[in-house]
Every structure is written in structure tokens, then in C-alpha cells.
Amino acid sequence: MNKSQNSRKTNLFIILGGIFLTNAILAEIIGVKIFSAEKTLGFDPVNWTFFGEYLLDFNLTAGAVIWPVVFITTDIINEYFGKKGVKKISFLTAGLIAYSFIVISVVTALTPADFWLDVNAATPDGESFNISYAFNTIFRQGLGIIIGSLTAFLLGQLIDVYVFQRLRSLTGENKIWLRATGSTLVSQFIDSFVVLGIAFYVFGNWSISQIIAVGIMNYLYKMTVAIVLTPLLYVGHGIIDRYLGKELTEEMLAEASEDKSFL
């Protein structure tokens, strides 16, 4: 590999890694907001009942809006850099997410300045408003949610890369849609229930039936988005192939497909 090829390979990993890191960390931070997908699109809530007990709508975490970008980026990194590349960026991201939570915990414990409280003491409608309480409520997340999200993230990434490579060994370089969508569907099934189980069953007070009900709703969304966004993989693949050139592309794809172990 000459100097120019090595530079393109490095640049590609930096760009993909930057996209992955940014969206994964943002998804964790903005995930505290829950929104109604139906009302956002102008529809009435579906009001589905699970187990004859839990009434559920498509109320989703705001992080779900950009999490599909992480799915796509994971598959592209897997395609060109293999298991080693995905593991490297996944563990780095998990560490930075943990760091973000530590920083947030520190800054929310700082005593707010009086003038900051005063100038933000009322809403535009004149109602009383405590900006310090609002800030802390938005940014602080419970220990269970943090542990659950980090565990689910890492486990999901490891499963995703393993399934991706196993499907790749069966399909060769063809059927990108199959290995990308297939690996996402398997990994996000695990992710959807692990994060809820740890955060709200182990550390919370949810029942198993509620974990299953909410997990199914989250997974339905992720499954739908994974299928809908599959064409973007082909667009990304084409752009990257042209950037790398035929020789370097073939070399990276061959190297990426060598390691098929789980860890």
C-alpha cells in the first residue's frame, strides 16, 4: 500500500469514526426526551394493548431519530475495516459516552449563579421557571440507564459485527442489503431488551411483561428504519469505492472479511 492509499484509508476511518462518535454520543444525551411519533406526523396514537395490561403508542426516545445513522455507519465500517475497526470505534465511543456522563454529573452539581437564575426566572408567558432544575432534569440520567445503555451498546455492536461477518462469508461481496439489514435486525433485537432490562428491571421497578411490551415497540421502529434506510448503504458504498479506487477497495474488503470470530 503506497502513501496515497494509506492516506485515503486513514481519512476514511476518521470520517466514518467521527460520524459514528458524534451521533452515538448525541443519541445518548438527547435520549432523555420522549416524543410521540404519531402526533409528530399528524396521526392519532395507535393505542395498542400488550398482555391486556399495557397501553402503548409509538412514544420514542429522541435518540432514536439519529440512531439509524449509527446503524449505517457501523455496517460501512464493518464492510471496509472489519471487526477490528468496529471494535476500535465502539470501545472508544463507549468510553467517551461514559466520560460525557461524568462531566454532566459534575456540572449539574455546580451551584448556579444568582443572575442566571434571575434572568431565566420566568417563561415568555410570565410563569415561574427554575432553569437550574430544568437543566439538571434534562441532562442527568440515572445510574441504571447509563449502565443499561452502555452495556446494550457494546453488546449490540459485538453481535452486529459478528452476524455481519457470518452473513458475508455466506454471500461473498454480493447482497450488501442482506448482511447489513440482517446484522442490524439481530443486534437491535438484543439491544432493545438489554437496555430496558438493566435500566428498568434490574435497577427499576418494571415488570417483565412491561419490559417485553416496550421492547417490542422500540424494536418495531428500529426494524422498520433499518429496512427503509438500506438503499443509503449502496449510495455510501459507491461514493467510498470511487474515493478509494478499485485496487485499494478490493484490498480493504478482502482484509475486512478475514476475521469471523465473535471476540
# chains A, B, ... in the order shown; residues from 1 in each chain; ligands from 1
>>> closest_atom_pairs(of="region 59-141 of chain A", to="region 149-162 of chain A", cutoff="10 Å", atoms="only C-alpha atoms", output="tab-separated table")
residue	atom	partner	partner_atom	distance
A:Phe71	CA	A:Asp160	CA	9.1
A:Thr74	CA	A:Gln157	CA	7.9
A:Asp75	CA	A:Val161	CA	7.8
A:Ile77	CA	A:Val161	CA	9.6
A:Asn78	CA	A:Val161	CA	6.5
A:Glu79	CA	A:Val161	CA	9.4
A:Gly82	CA	A:Val161	CA	7.7
A:Lys83	CA	A:Val161	CA	5.9
A:Lys84	CA	A:Val161	CA	9.4
A:Gly85	CA	A:Val161	CA	9.7
A:Val86	CA	A:Val161	CA	7.1
A:Lys87	CA	A:Leu158	CA	7.2
A:Ile89	CA	A:Gln157	CA	9.9
A:Ser90	CA	A:Leu154	CA	6.7
A:Phe91	CA	A:Leu154	CA	7.3
A:Thr93	CA	A:Leu154	CA	9.3
A:Ala94	CA	A:Leu150	CA	6.3
A:Gly95	CA	A:Leu150	CA	9.1
A:Ile97	CA	A:Leu150	CA	7.9
A:Ala98	CA	A:Leu150	CA	7.9
>>> write_last_selection(atoms="N, CA and C atoms", output="PDB file, in the first residue's frame")
ATOM      1  N   PHE A  71     -26.401   2.843  12.908  1.00  0.00           N
ATOM      2  CA  PHE A  71     -26.556   1.541  12.252  1.00  0.00           C
ATOM      3  C   PHE A  71     -25.784   1.523  10.931  1.00  0.00           C
ATOM      4  N   THR A  74     -21.976   1.832  11.260  1.00  0.00           N
ATOM      5  CA  THR A  74     -21.412   0.577  11.752  1.00  0.00           C
ATOM      6  C   THR A  74     -21.214  -0.413  10.613  1.00  0.00           C
ATOM      7  N   ASP A  75     -22.235  -0.551   9.766  1.00  0.00           N
ATOM      8  CA  ASP A  75     -22.155  -1.503   8.662  1.00  0.00           C
ATOM      9  C   ASP A  75     -21.101  -1.100   7.638  1.00  0.00           C
ATOM     10  N   ILE A  77     -18.349   0.744   8.284  1.00  0.00           N
ATOM     11  CA  ILE A  77     -17.052   0.485   8.913  1.00  0.00           C
ATOM     12  C   ILE A  77     -16.754  -1.007   8.884  1.00  0.00           C
ATOM     13  N   ASN A  78     -17.754  -1.814   9.165  1.00  0.00           N
ATOM     14  CA  ASN A  78     -17.602  -3.272   9.131  1.00  0.00           C
ATOM     15  C   ASN A  78     -17.205  -3.745   7.737  1.00  0.00           C
ATOM     16  N   GLU A  79     -17.811  -3.144   6.737  1.00  0.00           N
ATOM     17  CA  GLU A  79     -17.567  -3.539   5.348  1.00  0.00           C
ATOM     18  C   GLU A  79     -16.115  -3.309   4.935  1.00  0.00           C
ATOM     19  N   GLY A  82     -13.682  -4.185   8.879  1.00  0.00           N
ATOM     20  CA  GLY A  82     -13.896  -5.447   9.568  1.00  0.00           C
ATOM     21  C   GLY A  82     -14.148  -5.307  11.054  1.00  0.00           C
ATOM     22  N   LYS A  83     -14.060  -6.448  11.731  1.00  0.00           N
ATOM     23  CA  LYS A  83     -14.337  -6.494  13.163  1.00  0.00           C
ATOM     24  C   LYS A  83     -13.397  -5.592  13.956  1.00  0.00           C
ATOM     25  N   LYS A  84     -12.148  -5.547  13.563  1.00  0.00           N
ATOM     26  CA  LYS A  84     -11.165  -4.724  14.286  1.00  0.00           C
ATOM     27  C   LYS A  84     -11.574  -3.261  14.274  1.00  0.00           C
ATOM     28  N   GLY A  85     -12.027  -2.775  13.126  1.00  0.00           N
ATOM     29  CA  GLY A  85     -12.417  -1.371  13.024  1.00  0.00           C
ATOM     30  C   GLY A  85     -13.647  -1.049  13.859  1.00  0.00           C
ATOM     31  N   VAL A  86     -14.651  -1.940  13.819  1.00  0.00           N
ATOM     32  CA  VAL A  86     -15.878  -1.711  14.584  1.00  0.00           C
ATOM     33  C   VAL A  86     -15.594  -1.756  16.079  1.00  0.00           C
ATOM     34  N   LYS A  87     -14.799  -2.732  16.522  1.00  0.00           N
ATOM     35  CA  LYS A  87     -14.466  -2.829  17.941  1.00  0.00           C
ATOM     36  C   LYS A  87     -13.717  -1.589  18.411  1.00  0.00           C
ATOM     37  N   ILE A  89     -13.745   1.546  17.242  1.00  0.00           N
ATOM     38  CA  ILE A  89     -14.574   2.733  17.361  1.00  0.00           C
ATOM     39  C   ILE A  89     -15.665   2.548  18.415  1.00  0.00           C
ATOM     40  N   SER A  90     -16.139   1.316  18.612  1.00  0.00           N
ATOM     41  CA  SER A  90     -17.198   1.052  19.595  1.00  0.00           C
ATOM     42  C   SER A  90     -16.700   1.255  21.017  1.00  0.00           C
ATOM     43  N   PHE A  91     -15.529   0.703  21.341  1.00  0.00           N
ATOM     44  CA  PHE A  91     -14.986   0.860  22.692  1.00  0.00           C
ATOM     45  C   PHE A  91     -14.577   2.312  22.959  1.00  0.00           C
ATOM     46  N   THR A  93     -16.055   4.907  21.615  1.00  0.00           N
ATOM     47  CA  THR A  93     -17.314   5.623  21.800  1.00  0.00           C
ATOM     48  C   THR A  93     -17.898   5.371  23.181  1.00  0.00           C
ATOM     49  N   ALA A  94     -17.873   4.116  23.628  1.00  0.00           N
ATOM     50  CA  ALA A  94     -18.394   3.786  24.960  1.00  0.00           C
ATOM     51  C   ALA A  94     -17.633   4.559  26.033  1.00  0.00           C
ATOM     52  N   GLY A  95     -16.317   4.653  25.874  1.00  0.00           N
ATOM     53  CA  GLY A  95     -15.511   5.403  26.832  1.00  0.00           C
ATOM     54  C   GLY A  95     -15.861   6.882  26.837  1.00  0.00           C
ATOM     55  N   ILE A  97     -18.765   8.187  25.873  1.00  0.00           N
ATOM     56  CA  ILE A  97     -20.113   8.338  26.431  1.00  0.00           C
ATOM     57  C   ILE A  97     -20.035   8.355  27.956  1.00  0.00           C
ATOM     58  N   ALA A  98     -19.246   7.436  28.526  1.00  0.00           N
ATOM     59  CA  ALA A  98     -19.066   7.396  29.973  1.00  0.00           C
ATOM     60  C   ALA A  98     -18.445   8.704  30.468  1.00  0.00           C
TER      61      ALA A  98
END
>>> residues_around(residues="Phe81 (chain A)", least_positions_apart="5", cutoff="12 Å", atoms="only C-alpha atoms", output="ChimeraX atom specification")
/A:9-10,12-14,16-17,73-76,86-89,161,165,248-259
>>> select_by_dssp(residues="region 6-103 of chain A", states="strand (DSSP E or B)", output="PyMOL selection string")
chain A and resi 34-36+48-50+54-56+59-61
>>> write_last_selection(atoms="N, CA and C atoms", output="PDB file, in the first residue's frame")
ATOM      1  N   ILE A  34     -38.785  12.118  25.324  1.00  0.00           N
ATOM      2  CA  ILE A  34     -39.655  11.119  24.705  1.00  0.00           C
ATOM      3  C   ILE A  34     -40.683  11.869  23.861  1.00  0.00           C
ATOM      4  N   PHE A  35     -40.815  11.483  22.590  1.00  0.00           N
ATOM      5  CA  PHE A  35     -41.759  12.171  21.717  1.00  0.00           C
ATOM      6  C   PHE A  35     -42.776  11.190  21.130  1.00  0.00           C
ATOM      7  N   SER A  36     -43.895  11.724  20.705  1.00  0.00           N
ATOM      8  CA  SER A  36     -44.943  10.923  20.087  1.00  0.00           C
ATOM      9  C   SER A  36     -44.740  10.923  18.584  1.00  0.00           C
ATOM     10  N   TRP A  48     -52.121   0.628  21.171  1.00  0.00           N
ATOM     11  CA  TRP A  48     -52.017  -0.827  21.162  1.00  0.00           C
ATOM     12  C   TRP A  48     -51.957  -1.342  22.599  1.00  0.00           C
ATOM     13  N   THR A  49     -52.594  -2.450  22.829  1.00  0.00           N
ATOM     14  CA  THR A  49     -52.583  -3.058  24.155  1.00  0.00           C
ATOM     15  C   THR A  49     -51.780  -4.347  24.123  1.00  0.00           C
ATOM     16  N   PHE A  50     -50.815  -4.461  25.037  1.00  0.00           N
ATOM     17  CA  PHE A  50     -49.987  -5.667  25.153  1.00  0.00           C
ATOM     18  C   PHE A  50     -50.331  -6.377  26.450  1.00  0.00           C
ATOM     19  N   TYR A  54     -50.927  -3.255  29.248  1.00  0.00           N
ATOM     20  CA  TYR A  54     -50.174  -2.051  28.945  1.00  0.00           C
ATOM     21  C   TYR A  54     -50.624  -1.428  27.632  1.00  0.00           C
ATOM     22  N   LEU A  55     -51.048  -0.177  27.704  1.00  0.00           N
ATOM     23  CA  LEU A  55     -51.465   0.577  26.532  1.00  0.00           C
ATOM     24  C   LEU A  55     -50.250   1.335  26.010  1.00  0.00           C
ATOM     25  N   LEU A  56     -49.851   1.033  24.797  1.00  0.00           N
ATOM     26  CA  LEU A  56     -48.635   1.624  24.256  1.00  0.00           C
ATOM     27  C   LEU A  56     -48.893   2.321  22.928  1.00  0.00           C
ATOM     28  N   ASN A  59     -44.339   6.096  21.317  1.00  0.00           N
ATOM     29  CA  ASN A  59     -43.628   7.121  22.071  1.00  0.00           C
ATOM     30  C   ASN A  59     -42.169   6.698  22.135  1.00  0.00           C
ATOM     31  N   LEU A  60     -41.314   7.435  21.468  1.00  0.00           N
ATOM     32  CA  LEU A  60     -39.931   7.014  21.290  1.00  0.00           C
ATOM     33  C   LEU A  60     -38.961   8.032  21.865  1.00  0.00           C
ATOM     34  N   THR A  61     -37.790   7.551  22.230  1.00  0.00           N
ATOM     35  CA  THR A  61     -36.738   8.441  22.685  1.00  0.00           C
ATOM     36  C   THR A  61     -36.237   9.283  21.515  1.00  0.00           C
TER      37      THR A  61
END
>>> select_by_dssp(residues="region 30-259 of chain A", states="helix (DSSP H, G or I)", output="number ranges by chain")
A: 30, 37-40, 62-65, 67-108, 114-119, 131-139, 143-171, 176-202, 208-228, 230-244, 246-256
>>> atom_distance(atom1="CA of Glu38 (chain A)", atom2="CA of Leu178 (chain A)")
29.2 Å
>>> residues_around(residues="Ala199 (chain A)", least_positions_apart="6", cutoff="8 Å", atoms="only C-alpha atoms", output="short mmCIF file (atom, residue, chain, number, x, y, z; two decimals) with C-alpha atoms, in the first residue's frame")
data_model
loop_
_atom_site.label_atom_id
_atom_site.label_comp_id
_atom_site.auth_asym_id
_atom_site.auth_seq_id
_atom_site.Cartn_x
_atom_site.Cartn_y
_atom_site.Cartn_z
CA LEU A 143 -27.16 5.03 37.04
CA GLY A 144 -29.35 2.20 35.75
CA ILE A 145 -29.98 3.96 32.44
CA ILE A 146 -26.28 4.72 32.00
CA ILE A 147 -25.18 1.15 32.75
CA GLY A 148 -28.00 -0.27 30.65
CA SER A 149 -27.32 1.91 27.63
#
>>> residues_around(residues="Ser100 (chain A)", least_positions_apart="5", cutoff="9 Å", atoms="only C-alpha atoms", output="PDB file with C-alpha atoms, in the first residue's frame")
ATOM      1  CA  ILE A  25     -22.956  10.472  21.901  1.00  0.00           C
ATOM      2  CA  ILE A  29     -27.605  12.859  25.552  1.00  0.00           C
ATOM      3  CA  GLY A  95     -15.511   5.403  26.832  1.00  0.00           C
ATOM      4  CA  SER A 105     -22.713  14.798  36.662  1.00  0.00           C
TER       5      SER A 105
END
>>> residues_around(residues="Tyr201 (chain A)", least_positions_apart="6", cutoff="10 Å", atoms="only C-alpha atoms", output="PyMOL selection string")
chain A and resi 144+194-195+207-208+210-211
>>> write_last_selection(atoms="N, CA, C and O atoms", output="mmCIF file, in the first residue's frame")
data_model
loop_
_atom_site.group_PDB
_atom_site.id
_atom_site.type_symbol
_atom_site.label_atom_id
_atom_site.label_comp_id
_atom_site.auth_asym_id
_atom_site.auth_seq_id
_atom_site.Cartn_x
_atom_site.Cartn_y
_atom_site.Cartn_z
ATOM 1 N N GLY A 144 -28.840 3.360 36.467
ATOM 2 C CA GLY A 144 -29.354 2.199 35.750
ATOM 3 C C GLY A 144 -29.429 2.428 34.258
ATOM 4 O O GLY A 144 -29.082 1.555 33.458
ATOM 5 N N VAL A 194 -32.050 -5.484 26.280
ATOM 6 C CA VAL A 194 -30.996 -5.396 27.287
ATOM 7 C C VAL A 194 -31.043 -4.053 28.011
ATOM 8 O O VAL A 194 -30.984 -3.992 29.245
ATOM 9 N N VAL A 195 -31.149 -2.964 27.255
ATOM 10 C CA VAL A 195 -31.142 -1.638 27.887
ATOM 11 C C VAL A 195 -32.358 -1.462 28.795
ATOM 12 O O VAL A 195 -32.246 -0.911 29.905
ATOM 13 N N SER A 207 -42.104 -4.528 35.420
ATOM 14 C CA SER A 207 -42.315 -5.979 35.361
ATOM 15 C C SER A 207 -41.741 -6.523 34.057
ATOM 16 O O SER A 207 -41.475 -5.766 33.119
ATOM 17 N N ILE A 208 -41.563 -7.842 34.001
ATOM 18 C CA ILE A 208 -41.058 -8.470 32.788
ATOM 19 C C ILE A 208 -41.994 -8.205 31.615
ATOM 20 O O ILE A 208 -41.550 -7.939 30.491
ATOM 21 N N GLN A 210 -43.904 -5.667 31.052
ATOM 22 C CA GLN A 210 -43.776 -4.299 30.554
ATOM 23 C C GLN A 210 -42.464 -4.134 29.780
ATOM 24 O O GLN A 210 -42.423 -3.419 28.776
ATOM 25 N N ILE A 211 -41.405 -4.774 30.236
ATOM 26 C CA ILE A 211 -40.142 -4.752 29.503
ATOM 27 C C ILE A 211 -40.348 -5.308 28.098
ATOM 28 O O ILE A 211 -39.883 -4.738 27.099
#
>>> residues_around(residues="Leu232 (chain A)", least_positions_apart="5", cutoff="12 Å", atoms="only C-alpha atoms", output="list in words")
Pro68, Val69, Phe71, Ile72, Thr73, Asp75, Ile76, Ile176, Trp177, Ala180, Thr181, Val225, Ala226, Ile227, His237, Gly238 and Ile239 of chain A
>>> closest_residue(among="A:Lys3, A:Gly31, A:Arg8, A:Leu167", to="Asp241 (chain A)", atoms="only C-alpha atoms")
A:Arg8
>>> residues_around(residues="Val70 (chain A)", least_positions_apart="5", cutoff="7 Å", atoms="only C-alpha atoms", output="ChimeraX atom specification")
/A:20,23-24
>>> atom_distance(atom1="CA of Leu96 (chain A)", atom2="CA of Gly215 (chain A)")
25.9 Å
